[in-house]
Amino acid sequence: MSYWVARKKHPVVIHGENHIVVLVHYAPPVIKVIDNAGPGKGLVRLWTVEKFDKWWSGRAYVILAD
């Protein structure tokens, strides 16, 4: 799987477990996301690469500057 989007610092929203999160930082072993659901919604959460890979469905929505 490619993490090109995170390395290039493009804004990206990712899909998994029936909702989306905003990927704000990718630097193994830590991934930072902002989750819009559950307790602490809207806060930055720290995930391991393993949790991220298990959670992510493979869909990503990328915002590219024109």
# chains A, B, ... in the order shown; residues from 1 in each chain; ligands from 1

call {"tool": "select_by_dssp", "arguments": {"residues": "chain A", "states": "helix (DSSP H, G or I)", "output": "VMD selection string"}}
result
chain A and resid 4 to 7 49 to 55

call {"tool": "residues_around", "arguments": {"residues": "stretch 12-28 of chain A", "least_positions_apart": "6", "cutoff": "8 Å", "atoms": "only C-alpha atoms", "output": "count of residues only"}}
result
16

call {"tool": "select_by_dssp", "arguments": {"residues": "chain A", "states": "strand (DSSP E)", "output": "list in words"}}
result
Val12, Val13, Ile14, His15, Gly16, His19, Ile20, Val21, Val22, Leu23, Val24, His25, Tyr26, Ala27, Val30, Ile31, Lys32, Val33, Ile34, Asp35, Val44, Arg45, Leu46, Trp47, Thr48, Arg59, Ala60, Tyr61 and Val62 of chain A

call {"tool": "atom_distance", "arguments": {"atom1": "atom CA of A:Lys9", "atom2": "atom CA of A:Val30"}}
result
15.5 Å
